[in-house]
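Trainee: File follows, coords.tsv with TSV, C-alpha atoms and all ligand atoms:
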```
chain	number	residue	atom	x	y	z
A	5	MET	CA	24.01	5.71	-2.17
A	6	GLU	CA	26.49	3.77	-0.02
A	7	ILE	CA	24.96	0.71	1.68
A	8	SER	CA	26.79	-0.19	4.88
A	9	ASP	CA	28.40	-3.60	5.35
A	10	SER	CA	26.58	-4.04	8.65
A	11	LEU	CA	23.21	-3.65	6.92
A	12	LEU	CA	24.20	-6.12	4.20
A	13	ALA	CA	25.40	-8.56	6.87
A	14	ALA	CA	22.11	-8.26	8.80
A	15	LEU	CA	20.08	-8.91	5.64
A	16	GLY	CA	22.39	-11.72	4.54
A	17	GLN	CA	21.93	-13.48	7.89
A	18	SER	CA	18.15	-13.05	7.99
A	19	ARG	CA	16.09	-16.18	7.82
A	20	HIS	CA	12.87	-14.17	7.38
A	21	ILE	CA	12.60	-10.65	5.92
A	22	VAL	CA	9.39	-8.62	6.03
A	23	VAL	CA	8.95	-5.88	3.45
A	24	PHE	CA	6.28	-3.39	4.49
A	25	THR	CA	5.27	-0.92	1.80
A	26	GLY	CA	3.20	2.25	1.48
A	27	ALA	CA	2.17	4.66	-1.25
A	28	GLY	CA	5.77	5.81	-1.81
A	29	VAL	CA	6.66	2.49	-3.44
A	30	SER	CA	4.17	3.20	-6.24
A	31	ALA	CA	5.01	6.92	-6.54
A	32	GLU	CA	7.55	6.31	-9.28
A	33	SER	CA	4.88	4.48	-11.26
A	34	GLY	CA	2.97	7.79	-11.31
A	35	ILE	CA	0.46	6.92	-8.58
A	36	PRO	CA	0.06	9.87	-6.20
A	37	THR	CA	0.76	9.29	-2.50
A	38	PHE	CA	-1.73	10.48	0.14
A	39	ARG	CA	0.24	12.96	2.22
A	40	ASP	CA	2.99	14.44	0.04
A	41	ALA	CA	2.75	18.22	0.27
A	42	LEU	CA	2.61	19.01	-3.45
A	43	ASP	CA	0.52	16.31	-5.04
A	44	GLY	CA	-0.73	14.13	-2.16
A	45	LEU	CA	-4.32	12.93	-2.52
A	46	TRP	CA	-5.30	14.13	0.95
A	47	THR	CA	-3.98	17.63	0.28
A	48	ARG	CA	-6.20	17.88	-2.81
A	49	TYR	CA	-9.31	16.10	-1.55
A	50	GLU	CA	-11.30	15.70	1.64
A	51	ALA	CA	-10.30	12.33	3.12
A	52	THR	CA	-13.47	11.88	5.16
A	53	GLN	CA	-15.67	12.39	2.09
A	54	LEU	CA	-13.68	10.01	-0.09
A	55	ALA	CA	-12.54	7.40	2.39
A	56	SER	CA	-15.24	6.71	4.95
A	57	PRO	CA	-18.52	4.74	4.93
A	58	GLU	CA	-20.35	7.96	5.87
A	59	GLY	CA	-18.81	9.78	2.90
A	60	PHE	CA	-19.98	7.02	0.57
A	61	GLU	CA	-23.50	7.06	1.98
A	62	ASN	CA	-23.54	10.82	1.63
A	63	ASP	CA	-22.45	10.91	-2.02
A	64	PRO	CA	-21.85	7.47	-3.62
A	65	ALA	CA	-21.36	8.91	-7.14
A	66	LEU	CA	-18.56	11.25	-6.01
A	67	VAL	CA	-16.75	8.46	-4.19
A	68	TRP	CA	-17.22	5.79	-6.88
A	69	GLY	CA	-16.02	8.14	-9.64
A	70	TRP	CA	-12.90	9.05	-7.66
A	71	TYR	CA	-11.96	5.41	-7.12
A	72	GLU	CA	-12.61	4.62	-10.80
A	73	TRP	CA	-10.12	7.38	-11.68
A	74	ARG	CA	-7.56	5.83	-9.34
A	75	ARG	CA	-8.20	2.34	-10.72
A	76	MET	CA	-7.68	3.69	-14.24
A	77	LYS	CA	-4.34	5.22	-13.22
A	78	VAL	CA	-3.18	1.92	-11.76
A	79	LEU	CA	-4.29	-0.10	-14.79
A	80	ARG	CA	-2.52	2.34	-17.11
A	81	THR	CA	0.81	2.15	-15.32
A	82	ARG	CA	3.39	-0.49	-14.59
A	83	PRO	CA	5.49	-1.68	-11.66
A	84	ASN	CA	8.68	0.34	-11.20
A	85	PRO	CA	12.23	-0.70	-10.21
A	86	ALA	CA	11.22	-0.72	-6.52
A	87	HIS	CA	8.56	-3.40	-7.06
A	88	HIS	CA	11.00	-5.42	-9.17
A	89	ALA	CA	13.84	-5.13	-6.65
A	90	ILE	CA	11.58	-6.58	-3.93
A	91	VAL	CA	11.03	-9.63	-6.15
A	92	GLY	CA	14.81	-9.91	-6.56
A	93	MET	CA	15.36	-9.73	-2.79
A	94	ALA	CA	12.82	-12.48	-2.20
A	95	GLY	CA	14.95	-14.68	-4.45
A	96	LEU	CA	17.96	-14.11	-2.16
A	97	SER	CA	16.23	-14.66	1.16
A	98	PRO	CA	15.11	-17.99	2.69
A	99	ARG	CA	11.74	-16.40	3.47
A	100	MET	CA	10.08	-13.09	2.64
A	101	THR	CA	6.68	-11.76	3.65
A	102	LEU	CA	5.45	-8.76	1.70
A	103	VAL	CA	2.87	-6.62	3.50
A	104	THR	CA	1.43	-3.59	1.74
A	105	GLN	CA	-0.90	-0.76	2.62
A	106	ASN	CA	-1.35	-0.12	-1.08
A	107	VAL	CA	-4.61	-0.85	-2.83
A	108	ASP	CA	-2.99	-1.24	-6.25
A	109	ASP	CA	-1.76	-4.57	-7.66
A	110	LEU	CA	1.70	-3.43	-8.75
A	111	HIS	CA	3.52	-5.85	-6.42
A	112	GLU	CA	1.58	-8.75	-7.92
A	113	ARG	CA	2.22	-7.55	-11.46
A	114	ALA	CA	5.95	-7.34	-10.69
A	115	GLY	CA	5.79	-11.01	-9.68
A	116	SER	CA	5.58	-10.98	-5.86
A	117	PRO	CA	3.54	-13.94	-4.60
A	118	GLY	CA	1.22	-13.97	-1.57
A	119	VAL	CA	1.10	-10.19	-1.01
A	120	ILE	CA	-0.72	-9.29	2.22
A	121	HIS	CA	-3.02	-6.31	1.56
A	122	LEU	CA	-3.82	-4.52	4.80
A	123	HIS	CA	-6.03	-1.85	3.23
A	124	GLY	CA	-7.86	-3.93	0.62
A	125	SER	CA	-7.76	-3.53	-3.14
A	126	LEU	CA	-9.07	-1.18	-5.80
A	127	HIS	CA	-9.70	-4.27	-7.89
A	128	GLU	CA	-12.05	-6.11	-5.53
A	129	PRO	CA	-15.25	-4.08	-5.11
A	130	ARG	CA	-18.22	-5.47	-3.23
A	131	CYS	CA	-21.79	-4.65	-2.28
A	132	PHE	CA	-22.05	-1.88	0.33
A	133	ALA	CA	-24.90	-3.75	2.04
A	134	CYS	CA	-24.44	-7.52	1.59
A	135	SER	CA	-20.70	-7.62	0.69
A	136	LEU	CA	-21.27	-9.80	-2.39
A	137	PRO	CA	-18.16	-9.39	-4.61
A	138	TYR	CA	-18.68	-7.45	-7.83
A	139	ALA	CA	-16.77	-8.20	-11.05
A	140	PHE	CA	-15.67	-5.19	-13.09
A	141	PRO	CA	-16.31	-5.38	-16.81
A	142	PRO	CA	-13.05	-6.07	-18.67
A	143	GLY	CA	-10.95	-3.16	-19.88
A	144	ILE	CA	-9.64	0.08	-18.47
A	145	PRO	CA	-12.09	2.86	-17.52
A	146	ASP	CA	-11.57	6.22	-19.19
A	147	GLU	CA	-11.89	8.88	-16.50
A	148	PRO	CA	-10.89	12.56	-16.37
A	149	GLU	CA	-7.98	13.67	-14.16
A	150	GLY	CA	-9.19	13.81	-10.56
A	151	GLY	CA	-12.31	11.77	-11.28
A	152	ARG	CA	-15.94	12.73	-11.90
A	153	ARG	CA	-19.30	11.89	-10.42
A	154	LEU	CA	-20.23	8.38	-11.52
A	155	GLU	CA	-23.12	6.33	-10.17
A	156	PRO	CA	-21.84	3.03	-8.75
A	157	PRO	CA	-23.18	-0.19	-10.26
A	158	ARG	CA	-25.85	-2.03	-8.25
A	159	CYS	CA	-25.53	-5.37	-6.52
A	160	GLY	CA	-27.04	-8.23	-8.54
A	161	HIS	CA	-28.33	-9.79	-5.32
A	162	CYS	CA	-29.81	-6.92	-3.25
A	163	ASP	CA	-29.64	-3.90	-5.59
A	164	SER	CA	-27.57	-1.82	-3.14
A	165	PRO	CA	-24.66	0.25	-4.47
A	166	ILE	CA	-21.29	-1.37	-5.06
A	167	ARG	CA	-18.45	0.12	-3.00
A	168	PRO	CA	-14.69	0.11	-3.55
A	169	GLY	CA	-12.97	-2.84	-1.86
A	170	VAL	CA	-10.64	-0.67	0.20
A	171	VAL	CA	-10.46	-0.14	3.95
A	172	TRP	CA	-11.83	3.26	4.92
A	173	PHE	CA	-11.26	5.41	7.99
A	174	GLY	CA	-13.17	3.96	10.91
A	175	GLU	CA	-13.17	0.43	9.46
A	176	CYS	CA	-11.26	-2.60	10.74
A	177	LEU	CA	-8.40	-4.12	8.79
A	178	PRO	CA	-9.16	-7.50	7.16
A	179	GLU	CA	-8.72	-9.87	10.09
A	180	ASP	CA	-6.74	-12.59	8.35
A	181	ALA	CA	-4.35	-10.14	6.67
A	182	TRP	CA	-3.70	-8.28	9.92
A	183	ARG	CA	-3.08	-11.49	11.88
A	184	LYS	CA	-0.60	-12.77	9.27
A	185	ALA	CA	1.15	-9.39	9.10
A	186	ARG	CA	1.58	-9.20	12.89
A	187	GLN	CA	2.85	-12.76	13.05
A	188	ALA	CA	5.37	-12.06	10.31
A	189	ALA	CA	6.57	-8.85	12.01
A	190	GLN	CA	7.04	-10.69	15.29
A	191	ASP	CA	8.86	-13.57	13.63
A	192	CYS	CA	11.18	-11.74	11.23
A	193	ASP	CA	14.88	-10.91	11.59
A	194	ALA	CA	14.67	-7.81	9.40
A	195	LEU	CA	11.86	-5.50	8.38
A	196	LEU	CA	12.14	-3.01	5.52
A	197	SER	CA	9.63	-0.18	5.77
A	198	VAL	CA	9.40	1.36	2.30
A	199	GLY	CA	7.60	4.54	1.25
A	200	THR	CA	5.18	4.94	4.10
A	201	SER	CA	4.60	7.98	6.32
A	202	SER	CA	4.14	5.60	9.30
A	203	LEU	CA	1.19	7.67	10.44
A	204	VAL	CA	-1.76	5.36	9.89
A	205	TRP	CA	-2.53	2.91	12.64
A	206	PRO	CA	-2.69	0.05	13.25
A	207	ALA	CA	-0.52	-0.68	10.17
A	208	ALA	CA	2.26	1.62	11.45
A	209	GLU	CA	2.65	-0.66	14.45
A	210	LEU	CA	4.36	-3.38	12.39
A	211	PRO	CA	7.91	-1.92	12.35
A	212	GLU	CA	7.70	-1.31	16.09
A	213	LEU	CA	6.56	-4.90	16.67
A	214	ALA	CA	9.52	-6.10	14.65
A	215	ALA	CA	11.94	-3.82	16.52
A	216	ARG	CA	10.65	-4.99	19.90
A	217	GLY	CA	11.19	-8.58	18.77
A	218	GLY	CA	14.84	-7.79	18.06
A	219	ALA	CA	14.62	-7.49	14.26
A	220	THR	CA	16.74	-5.03	12.29
A	221	VAL	CA	14.45	-2.25	11.06
A	222	VAL	CA	15.38	-0.48	7.84
A	223	GLN	CA	13.49	2.53	6.54
A	224	ILE	CA	13.58	3.68	2.91
A	225	ASN	CA	12.00	7.09	2.43
A	226	PRO	CA	13.17	10.44	1.03
A	227	GLY	CA	11.54	12.22	3.98
A	228	GLU	CA	11.39	12.02	7.75
A	229	THR	CA	8.75	9.95	9.53
A	230	PRO	CA	7.95	8.96	13.13
A	231	LEU	CA	9.81	5.70	12.41
A	232	ASP	CA	13.16	7.51	12.15
A	233	GLY	CA	13.84	7.01	15.86
A	234	TRP	CA	13.01	3.28	15.81
A	235	ALA	CA	14.81	2.35	12.63
A	236	ASP	CA	18.32	0.89	12.81
A	237	PHE	CA	19.02	2.19	9.30
A	238	ASN	CA	17.41	5.17	7.58
A	239	LEU	CA	18.10	5.10	3.85
A	240	ARG	CA	17.03	8.50	2.56
A	241	GLY	CA	16.01	8.31	-1.06
A	242	LYS	CA	13.46	7.10	-3.55
A	243	ALA	CA	12.43	3.47	-3.36
A	244	GLY	CA	13.02	2.99	-7.09
A	245	GLU	CA	16.65	4.00	-6.63
A	246	VAL	CA	17.51	2.74	-3.14
A	247	LEU	CA	15.99	-0.75	-3.42
A	248	PRO	CA	17.86	-1.71	-6.63
A	249	THR	CA	21.10	-0.45	-5.01
A	250	LEU	CA	20.36	-2.51	-1.91
A	251	LEU	CA	19.59	-5.57	-4.05
A	252	ALA	CA	22.86	-5.15	-5.95
A	253	GLY	CA	24.72	-4.94	-2.61
A	254	MET	CA	23.00	-8.08	-1.34
A	255	ARG	CA	23.91	-9.95	-4.52
A	256	LYS	CA	27.54	-8.88	-4.25
A	257	ALA	CA	27.75	-9.71	-0.54
A	258	GLY	CA	26.01	-13.08	-0.94
B	1	LIG	P1	1.47	8.52	2.67
B	1	LIG	O1	1.04	9.37	1.55
B	1	LIG	O2	0.99	8.85	4.03
B	1	LIG	O3	3.06	8.52	2.73
B	1	LIG	C1	3.82	8.30	1.59
B	1	LIG	C2	5.27	8.25	2.01
B	1	LIG	O4	6.03	7.92	0.87
B	1	LIG	C3	5.81	9.58	2.55
B	1	LIG	O5	6.50	9.34	3.78
B	1	LIG	C4	6.79	10.05	1.45
B	1	LIG	O6	7.93	10.72	1.98
B	1	LIG	C5	7.19	8.71	0.86
B	1	LIG	N1	7.61	8.76	-0.56
B	1	LIG	C6	7.23	9.61	-1.55
B	1	LIG	N2	7.83	9.30	-2.70
B	1	LIG	C7	8.61	8.22	-2.46
B	1	LIG	C8	9.47	7.41	-3.24
B	1	LIG	N3	9.67	7.65	-4.55
B	1	LIG	N4	10.11	6.40	-2.63
B	1	LIG	C9	9.93	6.13	-1.32
B	1	LIG	N5	9.13	6.85	-0.54
B	1	LIG	C10	8.47	7.88	-1.08
B	1	LIG	O7	1.15	7.00	2.27
B	1	LIG	P2	1.01	5.73	3.22
B	1	LIG	O8	2.01	5.76	4.30
B	1	LIG	O9	0.97	4.54	2.34
B	1	LIG	O10	-5.09	4.28	3.75
B	1	LIG	O11	-0.42	5.98	3.83
B	1	LIG	C11	-0.96	5.05	4.68
B	1	LIG	C12	-2.46	4.97	4.44
B	1	LIG	O12	-3.03	6.28	4.54
B	1	LIG	C13	-2.85	4.53	3.05
B	1	LIG	O13	-2.84	3.14	2.89
B	1	LIG	C14	-4.23	5.08	2.93
B	1	LIG	C15	-4.06	6.44	3.54
B	1	LIG	O14	-5.16	6.96	4.18
B	1	LIG	C16	-6.26	3.87	3.26
B	1	LIG	O15	-6.65	4.15	2.16
B	1	LIG	C17	-7.01	3.04	4.24
```
What is this structure when it is put down as structure tokens?
Ligand code: OAD
Mentor:
Amino acid sequence: MEISDSLLAALGQSRHIVVFTGAGVSAESGIPTFRDALDGLWTRYEATQLASPEGFENDPALVWGWYEWRRMKVLRTRPNPAHHAIVGMAGLSPRMTLVTQNVDDLHERAGSPGVIHLHGSLHEPRCFACSLPYAFPPGIPDEPEGGRRLEPPRCGHCDSPIRPGVVWFGECLPEDAWRKARQAAQDCDALLSVGTSSLVWPAAELPELAARGGATVVQINPGETPLDGWADFNLRGKAGEVLPTLLAGMRKAG
């Protein structure tokens, strides 16, 4: 893929770059996205049952088992060239803020510091009732493809079920993370939106906030999204291919 000189110039002149990622950045690590037509999680499963407080109350074992399957998949895989290229870009930029909607820890394992998680983490469960954090036993769970019914552990303090530490439909984003993400989007000179369908609000507002503040908005996605019209540059392709190419261009230009 050819990266234009004007894009490289905009990135080279940026004093603060925001990278905003979604499920597509982890797709090449073998983690399914949510909305891709063939293997997206929400095309195979009922989102309201698996990703809402009501769904958990209705059937905690179904929900807990499904998240344990996803946690296993994350623990068994590794960061891909997209995660690594973001680390490389941070090394070239005076300031980078990395904001993710992903609940995996692949950015951290690639070496990105201070990742802002807007939708929580698979690795930080807590009590459904009193929110006391729960520590997983060490090791990787062994779960069948697609998950199975599995009773959640109980809270050591109040004996209520432990829930996954992710943000569900109908829940607010973590306040501190959302404030920092908005501030970064308003302050940055360039925002890279990578591998997100730009459909889930309020997270999808970030690129628009950046664009309204005059930042250059770059989208990296093999498909079309509602961001296409806002983005100054649409780089159509897989994150694991486009980001390393972009990084190589930045290195050459810098
Ligand atoms: P989606 O599944 O909605 O979108 C994934 C996007 O990644 C799509 O636009 C794909 O075209 C793109 N994609 C697929 N493979 C890619 C690749 N190799 N490189 C780059 N892009 C690729 O995932 P999100 O936008 O992250 O929320 O979804 C947002 C939120 O919806 C998630 O955080 C989750 C879900 O409900 C919660 O769990 C709260």
Trainee: Which residues of chain A come within 9 Å of ligand LIG 1 (chain B), and what is each one's closest atom pair and distance in Å (one decimal), counting only C-alpha atoms and all ligand atoms, sorted by chain and residue number, as CSV?
Mentor:
```
residue,atom,partner,partner_atom,distance
A:Thr25,CA,B:LIG1,O9,7.0
A:Gly26,CA,B:LIG1,O9,3.3
A:Ala27,CA,B:LIG1,O9,3.8
A:Gly28,CA,B:LIG1,O4,3.4
A:Val29,CA,B:LIG1,N4,5.3
A:Ser30,CA,B:LIG1,N3,7.3
A:Ala31,CA,B:LIG1,N3,5.1
A:Glu32,CA,B:LIG1,N3,5.4
A:Ser33,CA,B:LIG1,N3,8.8
A:Pro36,CA,B:LIG1,O1,7.8
A:Thr37,CA,B:LIG1,O1,4.1
A:Phe38,CA,B:LIG1,O1,3.3
A:Arg39,CA,B:LIG1,O1,3.7
A:Asp40,CA,B:LIG1,O1,5.6
A:Gly44,CA,B:LIG1,O1,6.3
A:Leu45,CA,B:LIG1,O1,7.6
A:Trp46,CA,B:LIG1,O14,7.9
A:Ala51,CA,B:LIG1,O14,7.5
A:Ala55,CA,B:LIG1,O15,6.7
A:Ala86,CA,B:LIG1,N4,8.2
A:Thr104,CA,B:LIG1,O13,8.1
A:Gln105,CA,B:LIG1,O13,4.4
A:Asn106,CA,B:LIG1,O13,5.3
A:Val107,CA,B:LIG1,O13,7.2
A:Leu122,CA,B:LIG1,O13,8.0
A:His123,CA,B:LIG1,C17,5.1
A:Gly124,CA,B:LIG1,C17,7.9
A:Val170,CA,B:LIG1,O15,6.6
A:Val171,CA,B:LIG1,C17,4.7
A:Trp172,CA,B:LIG1,C17,4.9
A:Phe173,CA,B:LIG1,C17,6.1
A:Glu175,CA,B:LIG1,C17,8.5
A:Leu177,CA,B:LIG1,C17,8.6
A:Val198,CA,B:LIG1,C9,6.0
A:Gly199,CA,B:LIG1,N5,3.3
A:Thr200,CA,B:LIG1,O8,3.3
A:Ser201,CA,B:LIG1,O5,3.5
A:Ser202,CA,B:LIG1,O8,5.4
A:Leu203,CA,B:LIG1,O8,6.5
A:Val204,CA,B:LIG1,C11,5.3
A:Trp205,CA,B:LIG1,C11,8.4
A:Ala207,CA,B:LIG1,C11,7.9
A:Ala208,CA,B:LIG1,C11,8.2
A:Ile224,CA,B:LIG1,C9,6.1
A:Asn225,CA,B:LIG1,N5,4.1
A:Pro226,CA,B:LIG1,O6,5.3
A:Gly227,CA,B:LIG1,O6,4.4
A:Glu228,CA,B:LIG1,O5,6.8
A:Thr229,CA,B:LIG1,O5,6.2
A:Arg240,CA,B:LIG1,C9,8.4
A:Gly241,CA,B:LIG1,N4,6.4
A:Lys242,CA,B:LIG1,N4,3.5
A:Ala243,CA,B:LIG1,N4,3.8
A:Gly244,CA,B:LIG1,N3,6.3
A:Glu245,CA,B:LIG1,N4,8.0
A:Val246,CA,B:LIG1,N4,8.3
```
Trainee: What is the CA of Arg48 in chain A to CA of Ala65 in chain A distance in Å?
Mentor: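 So the answer is 18.1 Å.
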Trainee: If you count all atoms listed in the file, which residues fall within 12 Å of Ala252 in chain A, apart from same-chain ones fewer than 4 positions away, as a list of chain:residue names?
Mentor: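 The residues satisfying every condition are A:Met5, A:Glu6, A:Ile7, A:Leu12, A:Ala89, A:Ile90, A:Gly92, A:Met93, A:Leu96, A:Glu245, A:Val246, A:Leu247, A:Pro248, A:Lys256, A:Ala257, A:Gly258.
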Trainee: Could those residues be written to a file, using C-alpha atoms, as a PDB file, in the frame of the given file?
Mentor:
```pdb
ATOM      1  CA  MET A   5      24.010   5.710  -2.170  1.00  0.00           C
ATOM      2  CA  GLU A   6      26.490   3.770  -0.020  1.00  0.00           C
ATOM      3  CA  ILE A   7      24.960   0.710   1.680  1.00  0.00           C
ATOM      4  CA  LEU A  12      24.200  -6.120   4.200  1.00  0.00           C
ATOM      5  CA  ALA A  89      13.840  -5.130  -6.650  1.00  0.00           C
ATOM      6  CA  ILE A  90      11.580  -6.580  -3.930  1.00  0.00           C
ATOM      7  CA  GLY A  92      14.810  -9.910  -6.560  1.00  0.00           C
ATOM      8  CA  MET A  93      15.360  -9.730  -2.790  1.00  0.00           C
ATOM      9  CA  LEU A  96      17.960 -14.110  -2.160  1.00  0.00           C
ATOM     10  CA  GLU A 245      16.650   4.000  -6.630  1.00  0.00           C
ATOM     11  CA  VAL A 246      17.510   2.740  -3.140  1.00  0.00           C
ATOM     12  CA  LEU A 247      15.990  -0.750  -3.420  1.00  0.00           C
ATOM     13  CA  PRO A 248      17.860  -1.710  -6.630  1.00  0.00           C
ATOM     14  CA  LYS A 256      27.540  -8.880  -4.250  1.00  0.00           C
ATOM     15  CA  ALA A 257      27.750  -9.710  -0.540  1.00  0.00           C
ATOM     16  CA  GLY A 258      26.010 -13.080  -0.940  1.00  0.00           C
TER      17      GLY A 258
END
```
Trainee: Please identify all polymer residues within 9 Å of Arg130 in chain A, counting all atoms listed in the file, omitting same-chain residues fewer than 5 positions from it, and present them as a list in words.
Mentor: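 Near neighbours after the sequence-gap exclusion: Ser135, Leu136, Pro137, Tyr138, Ala139, Cys159, Pro165, Ile166, Arg167, Pro168 and Gly169 of chain A.
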Trainee: Select, from A:Pro83, A:Pro117, A:Pro230, A:Pro141, the residue with the minimum atom-to-atom distance to Gly95 in chain A, counting all atoms listed in the file.
Mentor: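 For Gly95 in chain A, the nearest of the given residues is A:Pro117.
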Trainee: CA of Glu147 in chain A and CA of Trp70 in chain A, how far apart in Å?
Mentor: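 Result for CA of Trp70 in chain A versus CA of Glu147 in chain A: 8.9 Å, one decimal.
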Trainee: Using all atoms listed in the file, determine which residues lie at most 7 Å from range 108-116 of chain A, disregarding the query and same-chain residues fewer than 2 positions distant; provide the list as an MDAnalysis selection string.
Mentor: chainID A and resid 78 82:83 87:88 91 106 118:119 125:126
Trainee: So that I can check the surroundings of Asp63 in chain A, please list as a ChimeraX atom specification every protein, DNA and RNA residue that reaches within 12 Å of it, counting all atoms listed in the file and ignoring chain neighbours fewer than 6 positions away.
Mentor: /A:52-57,69-70,152-156,165,167
Trainee: So which residues touch Val23 in chain A within 9 Å, counting all atoms listed in the file, skipping near sequence neighbours fewer than 3 positions away, as a list in words?
Mentor: Ile90, Met100, Thr101, Leu102, Val103, Thr104, Ala194, Leu195, Leu196, Ser197 and Val198 of chain A
Trainee: Using CA of Lys184 in chain A and CA of His20 in chain A as the two end points, give the distance in Å to one decimal.
Mentor: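 Pair CA of Lys184 in chain A / CA of His20 in chain A returns 13.7 Å.
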Trainee: Rank A:Phe60, A:Leu79, A:Leu42, A:Pro85 by their smallest atom-to-atom distance to Thr249 in chain A, using only C-alpha atoms, and report the top residue only.
Mentor: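 Using only C-alpha atoms, the shortest distance to Thr249 in chain A belongs to A:Pro85.
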Trainee: For Arg255 in chain A, which residue out of A:Asn84, A:Ser97, A:Ser10, A:Asn62 is the nearest one, using all atoms listed in the file?
Mentor: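 Counting all atoms listed in the file, the residue closest to Arg255 in chain A is A:Ser97.
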Trainee: Identify which of the residues A:Gly59, A:Gly217, A:Gly160, A:Pro64 lies closest to Arg186 in chain A, counting only C-alpha atoms when measuring atom-to-atom distances.
Mentor: A:Gly217
